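Engineer: entry_30.cif is reproduced below (mmCIF, N, CA, C and O atoms).
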```cif
data_structure
#
loop_
_atom_site.label_atom_id
_atom_site.label_comp_id
_atom_site.auth_asym_id
_atom_site.auth_seq_id
_atom_site.Cartn_x
_atom_site.Cartn_y
_atom_site.Cartn_z
N ASP A 1 92.44 -52.59 73.61
CA ASP A 1 93.45 -52.00 72.76
C ASP A 1 93.60 -50.50 73.01
O ASP A 1 94.70 -49.97 72.88
N VAL A 2 92.49 -49.84 73.34
CA VAL A 2 92.53 -48.38 73.55
C VAL A 2 91.74 -48.03 74.80
O VAL A 2 90.66 -48.57 75.05
N PHE A 3 92.30 -47.11 75.59
CA PHE A 3 91.63 -46.56 76.76
C PHE A 3 91.57 -45.06 76.57
O PHE A 3 92.59 -44.43 76.27
N GLY A 4 90.39 -44.48 76.73
CA GLY A 4 90.26 -43.04 76.62
C GLY A 4 89.40 -42.50 77.75
O GLY A 4 88.47 -43.16 78.20
N LYS A 5 89.74 -41.30 78.22
CA LYS A 5 88.99 -40.66 79.30
C LYS A 5 88.56 -39.28 78.85
O LYS A 5 89.38 -38.51 78.35
N GLU A 6 87.28 -38.99 79.02
CA GLU A 6 86.78 -37.66 78.67
C GLU A 6 87.20 -36.69 79.77
O GLU A 6 87.06 -36.99 80.95
N GLU A 7 87.70 -35.54 79.37
CA GLU A 7 88.27 -34.59 80.32
C GLU A 7 87.29 -34.05 81.35
O GLU A 7 87.60 -34.01 82.52
N ARG A 8 86.15 -33.61 80.94
CA ARG A 8 85.25 -32.91 81.87
C ARG A 8 84.09 -33.76 82.34
O ARG A 8 83.09 -33.24 82.82
N SER A 9 84.22 -35.06 82.22
CA SER A 9 83.17 -35.93 82.71
C SER A 9 83.81 -37.14 83.37
O SER A 9 85.03 -37.32 83.32
N HIS A 10 83.01 -37.92 83.97
CA HIS A 10 83.51 -39.13 84.63
C HIS A 10 83.17 -40.33 83.73
O HIS A 10 82.49 -41.26 84.14
N LYS A 11 83.62 -40.22 82.48
CA LYS A 11 83.32 -41.24 81.48
C LYS A 11 84.62 -41.73 80.85
O LYS A 11 85.50 -40.94 80.56
N VAL A 12 84.70 -43.05 80.65
CA VAL A 12 85.85 -43.63 79.98
C VAL A 12 85.37 -44.52 78.83
O VAL A 12 84.23 -44.98 78.81
N TRP A 13 86.28 -44.72 77.89
CA TRP A 13 86.02 -45.57 76.72
C TRP A 13 87.06 -46.67 76.67
O TRP A 13 88.25 -46.40 76.80
N LEU A 14 86.60 -47.88 76.50
CA LEU A 14 87.48 -49.02 76.26
C LEU A 14 87.16 -49.52 74.86
O LEU A 14 86.00 -49.74 74.52
N CYS A 15 88.21 -49.68 74.05
CA CYS A 15 88.00 -50.06 72.65
C CYS A 15 88.76 -51.33 72.30
O CYS A 15 89.93 -51.48 72.68
N GLU A 16 88.11 -52.19 71.56
CA GLU A 16 88.73 -53.38 70.98
C GLU A 16 88.81 -53.13 69.49
O GLU A 16 87.77 -52.89 68.85
N CYS A 17 90.02 -53.15 68.94
CA CYS A 17 90.21 -52.82 67.53
C CYS A 17 90.81 -54.01 66.78
O CYS A 17 91.81 -54.58 67.23
N LYS A 18 90.22 -54.35 65.65
CA LYS A 18 90.72 -55.43 64.81
C LYS A 18 90.82 -54.93 63.37
O LYS A 18 89.82 -54.57 62.77
N TYR A 19 92.04 -54.93 62.87
CA TYR A 19 92.29 -54.53 61.49
C TYR A 19 92.56 -55.81 60.70
O TYR A 19 93.70 -56.17 60.41
N THR A 20 91.48 -56.52 60.42
CA THR A 20 91.56 -57.78 59.69
C THR A 20 90.37 -57.87 58.75
O THR A 20 89.42 -57.09 58.86
N LYS A 21 90.41 -58.84 57.85
CA LYS A 21 89.25 -59.06 56.98
C LYS A 21 88.27 -60.06 57.61
O LYS A 21 87.20 -60.28 57.08
N THR A 22 88.65 -60.61 58.76
CA THR A 22 87.80 -61.56 59.47
C THR A 22 86.82 -60.81 60.36
O THR A 22 87.19 -59.82 61.00
N THR A 23 85.59 -61.28 60.44
CA THR A 23 84.60 -60.64 61.31
C THR A 23 84.98 -60.82 62.78
O THR A 23 85.56 -61.82 63.17
N MET A 24 84.64 -59.82 63.57
CA MET A 24 84.86 -59.91 65.01
C MET A 24 83.77 -60.79 65.60
O MET A 24 82.60 -60.62 65.29
N ASP A 25 84.19 -61.72 66.48
CA ASP A 25 83.21 -62.61 67.08
C ASP A 25 82.95 -62.25 68.54
O ASP A 25 83.56 -61.34 69.09
N ILE A 26 82.05 -62.99 69.14
CA ILE A 26 81.60 -62.68 70.51
C ILE A 26 82.73 -62.82 71.53
O ILE A 26 82.71 -62.17 72.58
N LYS A 27 83.74 -63.64 71.24
CA LYS A 27 84.87 -63.78 72.18
C LYS A 27 85.58 -62.45 72.39
O LYS A 27 86.01 -62.13 73.51
N GLN A 28 85.69 -61.65 71.33
CA GLN A 28 86.33 -60.34 71.45
C GLN A 28 85.48 -59.39 72.29
O GLN A 28 86.01 -58.57 73.04
N VAL A 29 84.16 -59.50 72.16
CA VAL A 29 83.27 -58.66 72.96
C VAL A 29 83.40 -59.03 74.43
O VAL A 29 83.50 -58.16 75.30
N LYS A 30 83.42 -60.31 74.71
CA LYS A 30 83.55 -60.77 76.10
C LYS A 30 84.90 -60.36 76.69
O LYS A 30 84.99 -60.03 77.88
N LYS A 31 85.94 -60.35 75.87
CA LYS A 31 87.27 -59.90 76.31
C LYS A 31 87.20 -58.43 76.75
O LYS A 31 87.73 -58.04 77.79
N LEU A 32 86.51 -57.62 75.96
CA LEU A 32 86.38 -56.20 76.28
C LEU A 32 85.53 -56.01 77.54
O LEU A 32 85.84 -55.17 78.39
N GLU A 33 84.47 -56.78 77.66
CA GLU A 33 83.64 -56.70 78.86
C GLU A 33 84.44 -57.10 80.11
O GLU A 33 84.25 -56.52 81.17
N SER A 34 85.33 -58.07 79.97
CA SER A 34 86.18 -58.47 81.10
C SER A 34 87.10 -57.32 81.51
O SER A 34 87.32 -57.09 82.70
N ALA A 35 87.64 -56.61 80.53
CA ALA A 35 88.49 -55.46 80.83
C ALA A 35 87.70 -54.39 81.58
O ALA A 35 88.21 -53.77 82.52
N ALA A 36 86.46 -54.18 81.17
CA ALA A 36 85.61 -53.20 81.85
C ALA A 36 85.34 -53.63 83.29
O ALA A 36 85.34 -52.80 84.20
N GLN A 37 85.15 -54.92 83.49
CA GLN A 37 84.91 -55.43 84.85
C GLN A 37 86.14 -55.24 85.73
O GLN A 37 86.02 -54.87 86.89
N VAL A 38 87.33 -55.45 85.18
CA VAL A 38 88.57 -55.24 85.93
C VAL A 38 88.71 -53.77 86.31
O VAL A 38 89.09 -53.45 87.45
N LEU A 39 88.41 -52.88 85.39
CA LEU A 39 88.49 -51.45 85.67
C LEU A 39 87.52 -51.07 86.80
O LEU A 39 87.88 -50.35 87.73
N LYS A 40 86.30 -51.59 86.70
CA LYS A 40 85.30 -51.32 87.74
C LYS A 40 85.77 -51.85 89.10
O LYS A 40 85.70 -51.15 90.10
N GLN A 41 86.28 -53.07 89.13
CA GLN A 41 86.75 -53.68 90.37
C GLN A 41 87.92 -52.90 90.96
O GLN A 41 88.00 -52.70 92.17
N MET A 42 88.82 -52.43 90.11
CA MET A 42 89.96 -51.64 90.56
C MET A 42 89.49 -50.38 91.30
O MET A 42 89.98 -50.06 92.38
N HIS A 43 88.52 -49.68 90.71
CA HIS A 43 88.00 -48.47 91.35
C HIS A 43 87.32 -48.81 92.67
O HIS A 43 87.48 -48.09 93.66
N GLU A 44 86.55 -49.88 92.69
CA GLU A 44 85.87 -50.28 93.92
C GLU A 44 86.86 -50.61 95.02
O GLU A 44 86.68 -50.21 96.17
N GLU A 45 87.93 -51.35 94.68
CA GLU A 45 88.94 -51.72 95.67
C GLU A 45 89.70 -50.51 96.18
O GLU A 45 90.11 -50.48 97.35
N GLU A 46 89.90 -49.52 95.32
CA GLU A 46 90.61 -48.30 95.72
C GLU A 46 89.70 -47.30 96.42
O GLU A 46 90.16 -46.29 96.94
N GLY A 47 88.40 -47.57 96.41
CA GLY A 47 87.44 -46.67 97.04
C GLY A 47 87.22 -45.40 96.25
O GLY A 47 86.81 -44.38 96.79
N THR A 48 87.49 -45.45 94.95
CA THR A 48 87.26 -44.28 94.09
C THR A 48 85.99 -44.49 93.27
O THR A 48 85.54 -45.63 93.08
N ALA A 49 85.44 -43.41 92.81
CA ALA A 49 84.19 -43.48 92.04
C ALA A 49 84.41 -44.26 90.74
O ALA A 49 85.38 -44.02 90.03
N VAL A 50 83.50 -45.16 90.47
CA VAL A 50 83.58 -45.94 89.23
C VAL A 50 83.08 -45.06 88.09
O VAL A 50 81.98 -44.51 88.15
N PRO A 51 83.88 -44.90 87.05
CA PRO A 51 83.44 -44.05 85.93
C PRO A 51 82.34 -44.73 85.10
O PRO A 51 82.14 -45.94 85.18
N GLU A 52 81.65 -43.92 84.34
CA GLU A 52 80.71 -44.45 83.36
C GLU A 52 81.55 -45.06 82.25
O GLU A 52 82.36 -44.38 81.63
N ILE A 53 81.38 -46.35 82.00
CA ILE A 53 82.22 -47.07 81.05
C ILE A 53 81.46 -47.35 79.77
O ILE A 53 80.37 -47.91 79.79
N HIS A 54 82.04 -46.93 78.64
CA HIS A 54 81.48 -47.22 77.33
C HIS A 54 82.46 -48.12 76.58
O HIS A 54 83.67 -47.94 76.67
N LEU A 55 81.92 -49.06 75.85
CA LEU A 55 82.73 -49.99 75.08
C LEU A 55 82.55 -49.71 73.60
O LEU A 55 81.44 -49.43 73.15
N TRP A 56 83.65 -49.80 72.86
CA TRP A 56 83.60 -49.51 71.42
C TRP A 56 84.36 -50.61 70.68
O TRP A 56 85.53 -50.86 70.95
N LEU A 57 83.65 -51.26 69.78
CA LEU A 57 84.22 -52.31 68.94
C LEU A 57 84.52 -51.72 67.57
O LEU A 57 83.64 -51.12 66.96
N VAL A 58 85.75 -51.89 67.11
CA VAL A 58 86.14 -51.41 65.78
C VAL A 58 86.70 -52.60 65.02
O VAL A 58 87.64 -53.24 65.48
N SER A 59 86.10 -52.91 63.88
CA SER A 59 86.55 -54.07 63.10
C SER A 59 86.39 -53.79 61.61
O SER A 59 85.27 -53.62 61.12
N THR A 60 87.52 -53.74 60.91
CA THR A 60 87.45 -53.51 59.46
C THR A 60 86.80 -54.69 58.74
O THR A 60 86.29 -54.53 57.65
N GLY A 61 86.78 -55.85 59.38
CA GLY A 61 86.16 -57.03 58.79
C GLY A 61 84.69 -57.17 59.13
O GLY A 61 84.03 -58.13 58.71
N GLY A 62 84.16 -56.26 59.91
CA GLY A 62 82.76 -56.34 60.31
C GLY A 62 82.57 -57.22 61.54
O GLY A 62 83.53 -57.51 62.27
N PHE A 63 81.35 -57.66 61.75
CA PHE A 63 80.98 -58.38 62.97
C PHE A 63 80.10 -59.58 62.63
O PHE A 63 79.33 -59.53 61.67
N THR A 64 80.19 -60.60 63.45
CA THR A 64 79.31 -61.75 63.26
C THR A 64 77.88 -61.34 63.60
O THR A 64 77.66 -60.35 64.31
N LYS A 65 76.92 -62.10 63.12
CA LYS A 65 75.51 -61.83 63.45
C LYS A 65 75.29 -61.90 64.95
O LYS A 65 74.52 -61.13 65.52
N GLU A 66 75.98 -62.83 65.61
CA GLU A 66 75.86 -62.97 67.06
C GLU A 66 76.27 -61.67 67.77
O GLU A 66 75.59 -61.21 68.70
N VAL A 67 77.36 -61.07 67.34
CA VAL A 67 77.82 -59.82 67.94
C VAL A 67 76.81 -58.71 67.68
O VAL A 67 76.43 -57.97 68.60
N LEU A 68 76.35 -58.58 66.44
CA LEU A 68 75.39 -57.51 66.11
C LEU A 68 74.10 -57.66 66.91
O LEU A 68 73.55 -56.66 67.39
N THR A 69 73.63 -58.87 67.09
CA THR A 69 72.43 -59.11 67.89
C THR A 69 72.68 -58.76 69.35
O THR A 69 71.85 -58.11 69.99
N TYR A 70 73.83 -59.15 69.87
CA TYR A 70 74.17 -58.89 71.27
C TYR A 70 74.29 -57.40 71.55
O TYR A 70 73.72 -56.89 72.52
N ILE A 71 75.02 -56.68 70.71
CA ILE A 71 75.24 -55.25 71.00
C ILE A 71 73.98 -54.43 70.75
O ILE A 71 73.85 -53.33 71.29
N ASP A 72 73.05 -54.97 69.99
CA ASP A 72 71.79 -54.26 69.75
C ASP A 72 71.00 -54.11 71.05
O ASP A 72 70.16 -53.22 71.17
N THR A 73 71.28 -54.96 72.03
CA THR A 73 70.56 -54.91 73.31
C THR A 73 71.29 -54.05 74.35
O THR A 73 70.81 -53.93 75.47
N ARG A 74 72.44 -53.49 73.98
CA ARG A 74 73.28 -52.77 74.93
C ARG A 74 73.47 -51.31 74.51
O ARG A 74 73.97 -51.04 73.43
N ALA A 75 73.11 -50.40 75.39
CA ALA A 75 73.28 -48.98 75.10
C ALA A 75 74.71 -48.51 75.34
O ALA A 75 75.08 -47.42 74.90
N ASP A 76 75.53 -49.33 76.00
CA ASP A 76 76.89 -48.92 76.34
C ASP A 76 77.94 -49.49 75.39
O ASP A 76 79.14 -49.30 75.61
N ILE A 77 77.52 -50.19 74.34
CA ILE A 77 78.47 -50.76 73.40
C ILE A 77 78.23 -50.16 72.01
O ILE A 77 77.12 -50.21 71.49
N TYR A 78 79.28 -49.61 71.44
CA TYR A 78 79.24 -49.02 70.11
C TYR A 78 80.08 -49.89 69.18
O TYR A 78 81.00 -50.56 69.62
N ALA A 79 79.76 -49.87 67.90
CA ALA A 79 80.51 -50.68 66.94
C ALA A 79 80.69 -49.90 65.65
O ALA A 79 79.77 -49.23 65.18
N SER A 80 81.90 -50.00 65.10
CA SER A 80 82.21 -49.36 63.83
C SER A 80 82.89 -50.38 62.92
O SER A 80 83.92 -50.95 63.30
N ASP A 81 82.32 -50.58 61.74
CA ASP A 81 82.94 -51.44 60.74
C ASP A 81 83.81 -50.58 59.83
O ASP A 81 84.07 -49.42 60.12
N TYR A 82 84.27 -51.14 58.72
CA TYR A 82 85.16 -50.43 57.81
C TYR A 82 84.56 -49.09 57.37
O TYR A 82 85.21 -48.05 57.45
N GLU A 83 83.33 -49.12 56.90
CA GLU A 83 82.69 -47.88 56.44
C GLU A 83 82.48 -46.89 57.59
O GLU A 83 82.69 -45.70 57.43
N GLY A 84 82.08 -47.42 58.73
CA GLY A 84 81.83 -46.56 59.88
C GLY A 84 83.08 -45.85 60.38
O GLY A 84 83.06 -44.65 60.66
N ILE A 85 84.18 -46.59 60.48
CA ILE A 85 85.40 -45.98 60.99
C ILE A 85 85.96 -44.98 59.98
O ILE A 85 86.48 -43.92 60.35
N ASN A 86 85.82 -45.27 58.69
CA ASN A 86 86.26 -44.31 57.67
C ASN A 86 85.41 -43.04 57.71
O ASN A 86 85.93 -41.94 57.52
N SER A 87 84.13 -43.18 57.94
CA SER A 87 83.26 -42.00 58.05
C SER A 87 83.69 -41.12 59.22
O SER A 87 83.75 -39.89 59.09
N LEU A 88 84.00 -41.73 60.36
CA LEU A 88 84.48 -40.96 61.51
C LEU A 88 85.82 -40.31 61.22
O LEU A 88 86.05 -39.15 61.55
N PHE A 89 86.70 -41.08 60.60
CA PHE A 89 88.03 -40.58 60.26
C PHE A 89 87.92 -39.34 59.38
O PHE A 89 88.56 -38.31 59.63
N LYS A 90 87.07 -39.40 58.36
CA LYS A 90 86.89 -38.26 57.44
C LYS A 90 86.20 -37.09 58.12
O LYS A 90 86.51 -35.93 57.85
N ALA A 91 85.27 -37.37 59.02
CA ALA A 91 84.56 -36.30 59.72
C ALA A 91 85.49 -35.48 60.60
O ALA A 91 85.24 -34.31 60.87
N TYR A 92 86.59 -36.10 61.04
CA TYR A 92 87.54 -35.40 61.91
C TYR A 92 88.86 -35.07 61.21
O TYR A 92 89.90 -34.97 61.85
N GLY A 93 88.80 -34.90 59.89
CA GLY A 93 89.94 -34.36 59.18
C GLY A 93 90.76 -35.32 58.34
O GLY A 93 91.69 -34.88 57.66
N GLY A 94 90.49 -36.61 58.38
CA GLY A 94 91.23 -37.54 57.54
C GLY A 94 90.88 -37.32 56.08
O GLY A 94 89.73 -37.08 55.74
N ASN A 95 91.86 -37.37 55.21
CA ASN A 95 91.57 -37.08 53.80
C ASN A 95 91.77 -38.30 52.90
O ASN A 95 91.94 -38.18 51.70
N TYR A 96 91.76 -39.50 53.49
CA TYR A 96 91.84 -40.73 52.71
C TYR A 96 91.14 -41.84 53.48
O TYR A 96 90.84 -41.69 54.66
N SER A 97 90.87 -42.95 52.82
CA SER A 97 90.26 -44.10 53.47
C SER A 97 91.35 -45.03 54.01
O SER A 97 92.43 -45.15 53.41
N ILE A 98 91.07 -45.66 55.11
CA ILE A 98 91.98 -46.63 55.66
C ILE A 98 92.12 -47.76 54.64
O ILE A 98 91.12 -48.22 54.08
N PRO A 99 93.34 -48.20 54.35
CA PRO A 99 93.52 -49.27 53.35
C PRO A 99 92.72 -50.52 53.72
O PRO A 99 92.62 -50.87 54.90
N GLN A 100 92.16 -51.14 52.73
CA GLN A 100 91.36 -52.35 52.95
C GLN A 100 92.11 -53.55 52.40
O GLN A 100 92.85 -53.43 51.41
N PHE A 101 91.91 -54.68 53.03
CA PHE A 101 92.56 -55.91 52.57
C PHE A 101 92.00 -56.33 51.23
O PHE A 101 90.82 -56.15 50.93
N ALA A 102 92.85 -56.90 50.39
CA ALA A 102 92.42 -57.43 49.10
C ALA A 102 91.56 -58.67 49.35
O ALA A 102 91.84 -59.47 50.24
N VAL A 103 90.52 -58.81 48.56
CA VAL A 103 89.63 -59.97 48.68
C VAL A 103 90.17 -61.07 47.78
O VAL A 103 90.39 -60.86 46.60
N ASN A 104 90.39 -62.23 48.36
CA ASN A 104 90.85 -63.39 47.58
C ASN A 104 89.67 -64.13 46.98
O ASN A 104 88.68 -64.32 47.66
N ASP A 105 89.79 -64.56 45.74
CA ASP A 105 88.69 -65.31 45.11
C ASP A 105 88.62 -66.70 45.64
O ASP A 105 89.51 -67.33 46.01
#
```
Write the structure described by the file as structure tokens, please.

Structural biologist:
Amino acid sequence: DVFGKEERSHKVWLCECKYTKTTMDIKQVKKLESAAQVLKQMHEEEGTAVPEIHLWLVSTGGFTKEVLTYIDTRADIYASDYEGINSLFKAYGGNYSIPQFAVND
């Protein structure tokens, strides 16, 4: 969903963002990893240096236990849930919380 490149380094960020009340599952993580593999392959085929790739999962609905267990073993994958993304938003000047979905009984 998002591609970002740090200006003074050879580092890029690929982000998968879900604004839903449903937890993000491992399929979304694998989708992001596939995108990272395509980026790496593109650089290799072009003969250019492969950047340091970081993956970031953003999900207002949180993450399945499988995802949390999986990313706990990876230093290159970051995850932000509803509270985490709001904390970042406020730390960089946001003055309100991202709207949250109503919980149905």

Engineer: I'd like to see the residues matched by the PyMOL selection byres ((chain A and resi 77) around 7) on this file, and ideally I'd get them as a list of chain:residue names.

Structural biologist: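 This file, filtered by the PyMOL selection byres ((chain A and resi 77) around 7), leaves A:Ile53, A:His54, A:Leu55, A:Trp56, A:Leu57, A:Ile71, A:Asp72, A:Arg74, A:Ala75, A:Asp76, A:Tyr78, A:Ala79.
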
Engineer: Atoms to include: N, CA, C and O atoms. Write the selected residues as a JSON list (two decimals), in the frame of the given file.

Structural biologist:
```
[["chain", "number", "residue", "atom", "x", "y", "z"],
["A", 53, "ILE", "N", 81.38, -46.35, 82.00],
["A", 53, "ILE", "CA", 82.22, -47.07, 81.05],
["A", 53, "ILE", "C", 81.46, -47.35, 79.77],
["A", 53, "ILE", "O", 80.37, -47.91, 79.79],
["A", 54, "HIS", "N", 82.04, -46.93, 78.64],
["A", 54, "HIS", "CA", 81.48, -47.22, 77.33],
["A", 54, "HIS", "C", 82.46, -48.12, 76.58],
["A", 54, "HIS", "O", 83.67, -47.94, 76.67],
["A", 55, "LEU", "N", 81.92, -49.06, 75.85],
["A", 55, "LEU", "CA", 82.73, -49.99, 75.08],
["A", 55, "LEU", "C", 82.55, -49.71, 73.60],
["A", 55, "LEU", "O", 81.44, -49.43, 73.15],
["A", 56, "TRP", "N", 83.65, -49.80, 72.86],
["A", 56, "TRP", "CA", 83.60, -49.51, 71.42],
["A", 56, "TRP", "C", 84.36, -50.61, 70.68],
["A", 56, "TRP", "O", 85.53, -50.86, 70.95],
["A", 57, "LEU", "N", 83.65, -51.26, 69.78],
["A", 57, "LEU", "CA", 84.22, -52.31, 68.94],
["A", 57, "LEU", "C", 84.52, -51.72, 67.57],
["A", 57, "LEU", "O", 83.64, -51.12, 66.96],
["A", 71, "ILE", "N", 75.02, -56.68, 70.71],
["A", 71, "ILE", "CA", 75.24, -55.25, 71.00],
["A", 71, "ILE", "C", 73.98, -54.43, 70.75],
["A", 71, "ILE", "O", 73.85, -53.33, 71.29],
["A", 72, "ASP", "N", 73.05, -54.97, 69.99],
["A", 72, "ASP", "CA", 71.79, -54.26, 69.75],
["A", 72, "ASP", "C", 71.00, -54.11, 71.05],
["A", 72, "ASP", "O", 70.16, -53.22, 71.17],
["A", 74, "ARG", "N", 72.44, -53.49, 73.98],
["A", 74, "ARG", "CA", 73.28, -52.77, 74.93],
["A", 74, "ARG", "C", 73.47, -51.31, 74.51],
["A", 74, "ARG", "O", 73.97, -51.04, 73.43],
["A", 75, "ALA", "N", 73.11, -50.40, 75.39],
["A", 75, "ALA", "CA", 73.28, -48.98, 75.10],
["A", 75, "ALA", "C", 74.71, -48.51, 75.34],
["A", 75, "ALA", "O", 75.08, -47.42, 74.90],
["A", 76, "ASP", "N", 75.53, -49.33, 76.00],
["A", 76, "ASP", "CA", 76.89, -48.92, 76.34],
["A", 76, "ASP", "C", 77.94, -49.49, 75.39],
["A", 76, "ASP", "O", 79.14, -49.30, 75.61],
["A", 78, "TYR", "N", 79.28, -49.61, 71.44],
["A", 78, "TYR", "CA", 79.24, -49.02, 70.11],
["A", 78, "TYR", "C", 80.08, -49.89, 69.18],
["A", 78, "TYR", "O", 81.00, -50.56, 69.62],
["A", 79, "ALA", "N", 79.76, -49.87, 67.90],
["A", 79, "ALA", "CA", 80.51, -50.68, 66.94],
["A", 79, "ALA", "C", 80.69, -49.90, 65.65],
["A", 79, "ALA", "O", 79.77, -49.23, 65.18]]
```

Engineer: Just how far from atom N of Val67 (chain A) is CA of Ile26 (chain A), in Å to one decimal?

Structural biologist: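 Interatomic distance here is 5.5 Å.
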
Engineer: If you measure from atom C of Lys5 (chain A) to atom O of Leu88 (chain A), what distance in Å do you get, rounded to one decimal?

Structural biologist: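 A separation of 17.5 Å between them.
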
Engineer: Run through the PyMOL selection byres (((chain A and resi 7-9 and name CA) around 12) and name CA) on the given coordinates and return the selected residues as number ranges by chain.

Structural biologist: A: 4-6, 10-13, 50-53

Engineer: What gap, in Å, lies between atom N of Tyr19 (chain A) and atom C of Gly61 (chain A)?

Structural biologist: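 Interatomic distance here is 8.5 Å.
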
Engineer: Would you translate the PyMOL selection byres ((chain A and resi 85) around 8) into the concrete set of residues it matches in this file, as a compact mmCIF listing (two decimals) with N, CA, C and O atoms, in the frame of the given file?

Structural biologist:
```
# COMPACT_ATOMS: atom_id res chain seq x y z
N LEU A 57 83.65 -51.26 69.78
CA LEU A 57 84.22 -52.31 68.94
C LEU A 57 84.52 -51.72 67.57
O LEU A 57 83.64 -51.12 66.96
N VAL A 58 85.75 -51.89 67.11
CA VAL A 58 86.14 -51.41 65.78
C VAL A 58 86.70 -52.60 65.02
O VAL A 58 87.64 -53.24 65.48
N SER A 59 86.10 -52.91 63.88
CA SER A 59 86.55 -54.07 63.10
C SER A 59 86.39 -53.79 61.61
O SER A 59 85.27 -53.62 61.12
N THR A 60 87.52 -53.74 60.91
CA THR A 60 87.45 -53.51 59.46
C THR A 60 86.80 -54.69 58.74
O THR A 60 86.29 -54.53 57.65
N ALA A 79 79.76 -49.87 67.90
CA ALA A 79 80.51 -50.68 66.94
C ALA A 79 80.69 -49.90 65.65
O ALA A 79 79.77 -49.23 65.18
N SER A 80 81.90 -50.00 65.10
CA SER A 80 82.21 -49.36 63.83
C SER A 80 82.89 -50.38 62.92
O SER A 80 83.92 -50.95 63.30
N ASP A 81 82.32 -50.58 61.74
CA ASP A 81 82.94 -51.44 60.74
C ASP A 81 83.81 -50.58 59.83
O ASP A 81 84.07 -49.42 60.12
N TYR A 82 84.27 -51.14 58.72
CA TYR A 82 85.16 -50.43 57.81
C TYR A 82 84.56 -49.09 57.37
O TYR A 82 85.21 -48.05 57.45
N GLU A 83 83.33 -49.12 56.90
CA GLU A 83 82.69 -47.88 56.44
C GLU A 83 82.48 -46.89 57.59
O GLU A 83 82.69 -45.70 57.43
N GLY A 84 82.08 -47.42 58.73
CA GLY A 84 81.83 -46.56 59.88
C GLY A 84 83.08 -45.85 60.38
O GLY A 84 83.06 -44.65 60.66
N ASN A 86 85.82 -45.27 58.69
CA ASN A 86 86.26 -44.31 57.67
C ASN A 86 85.41 -43.04 57.71
O ASN A 86 85.93 -41.94 57.52
N SER A 87 84.13 -43.18 57.94
CA SER A 87 83.26 -42.00 58.05
C SER A 87 83.69 -41.12 59.22
O SER A 87 83.75 -39.89 59.09
N LEU A 88 84.00 -41.73 60.36
CA LEU A 88 84.48 -40.96 61.51
C LEU A 88 85.82 -40.31 61.22
O LEU A 88 86.05 -39.15 61.55
N PHE A 89 86.70 -41.08 60.60
CA PHE A 89 88.03 -40.58 60.26
C PHE A 89 87.92 -39.34 59.38
O PHE A 89 88.56 -38.31 59.63
N LYS A 90 87.07 -39.40 58.36
CA LYS A 90 86.89 -38.26 57.44
C LYS A 90 86.20 -37.09 58.12
O LYS A 90 86.51 -35.93 57.85
N ALA A 91 85.27 -37.37 59.02
CA ALA A 91 84.56 -36.30 59.72
C ALA A 91 85.49 -35.48 60.60
O ALA A 91 85.24 -34.31 60.87
N TYR A 92 86.59 -36.10 61.04
CA TYR A 92 87.54 -35.40 61.91
C TYR A 92 88.86 -35.07 61.21
O TYR A 92 89.90 -34.97 61.85
N TYR A 96 91.76 -39.50 53.49
CA TYR A 96 91.84 -40.73 52.71
C TYR A 96 91.14 -41.84 53.48
O TYR A 96 90.84 -41.69 54.66
N SER A 97 90.87 -42.95 52.82
CA SER A 97 90.26 -44.10 53.47
C SER A 97 91.35 -45.03 54.01
O SER A 97 92.43 -45.15 53.41
N ILE A 98 91.07 -45.66 55.11
CA ILE A 98 91.98 -46.63 55.66
C ILE A 98 92.12 -47.76 54.64
O ILE A 98 91.12 -48.22 54.08
```

Engineer: With all atoms of region 76-94 of chain A from the file as input, state the centre and edge lengths in Å to one decimal of the axis-aligned box that has 4 Å extra on each side, as lines of an AutoDock Vina configuration file.

Structural biologist:
```
center_x = 83.6
center_y = -42.9
center_z = 66.0
size_x = 24.2
size_y = 25.1
size_z = 28.6
```

Engineer: Set the distance at 5 Å and use all atoms listed in the file: which residues neighbour Met24 (chain A) once local chain neighbours fewer than 5 positions away are removed? I'd like the list as a PDB file with N, CA, C and O atoms, in the coordinates of the input.

Structural biologist:
```pdb
ATOM      1  N   GLY A  62      84.160 -56.260  59.910  1.00  0.00           N
ATOM      2  CA  GLY A  62      82.760 -56.340  60.310  1.00  0.00           C
ATOM      3  C   GLY A  62      82.570 -57.220  61.540  1.00  0.00           C
ATOM      4  O   GLY A  62      83.530 -57.510  62.270  1.00  0.00           O
ATOM      5  N   PHE A  63      81.350 -57.660  61.750  1.00  0.00           N
ATOM      6  CA  PHE A  63      80.980 -58.380  62.970  1.00  0.00           C
ATOM      7  C   PHE A  63      80.100 -59.580  62.630  1.00  0.00           C
ATOM      8  O   PHE A  63      79.330 -59.530  61.670  1.00  0.00           O
ATOM      9  N   THR A  64      80.190 -60.600  63.450  1.00  0.00           N
ATOM     10  CA  THR A  64      79.310 -61.750  63.260  1.00  0.00           C
ATOM     11  C   THR A  64      77.880 -61.340  63.600  1.00  0.00           C
ATOM     12  O   THR A  64      77.660 -60.350  64.310  1.00  0.00           O
TER      13      THR A  64
END
```

Engineer: Among chain A, which ones does DSSP assign to alpha helix (DSSP H) (computed from the backbone)? Answer as a PyMOL selection string.

Structural biologist: chain A and resi 26-46+65-71+82-91

Engineer: Using DSSP on the backbone coordinates, identify all residues within chain A classified as strand (DSSP E or B); present the result as a list in words.

Structural biologist: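 Taking chain A and keeping strand (DSSP E or B) gives Val2, Phe3, Gly4, Lys5, Lys11, Val12, Trp13, Leu14, Cys15, Glu16, Cys17, Lys18, Met24, Glu52, Ile53, His54, Leu55, Trp56, Leu57, Val58, Ser59, Phe63, Ile77, Tyr78, Ala79 and Ser80 of chain A.
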
Engineer: Using only C-alpha atoms for the distances, tell me which of A:Glu44, A:Gly93, A:Lys30, A:Asp1 is nearest to Glu16 (chain A).

Structural biologist: A:Asp1
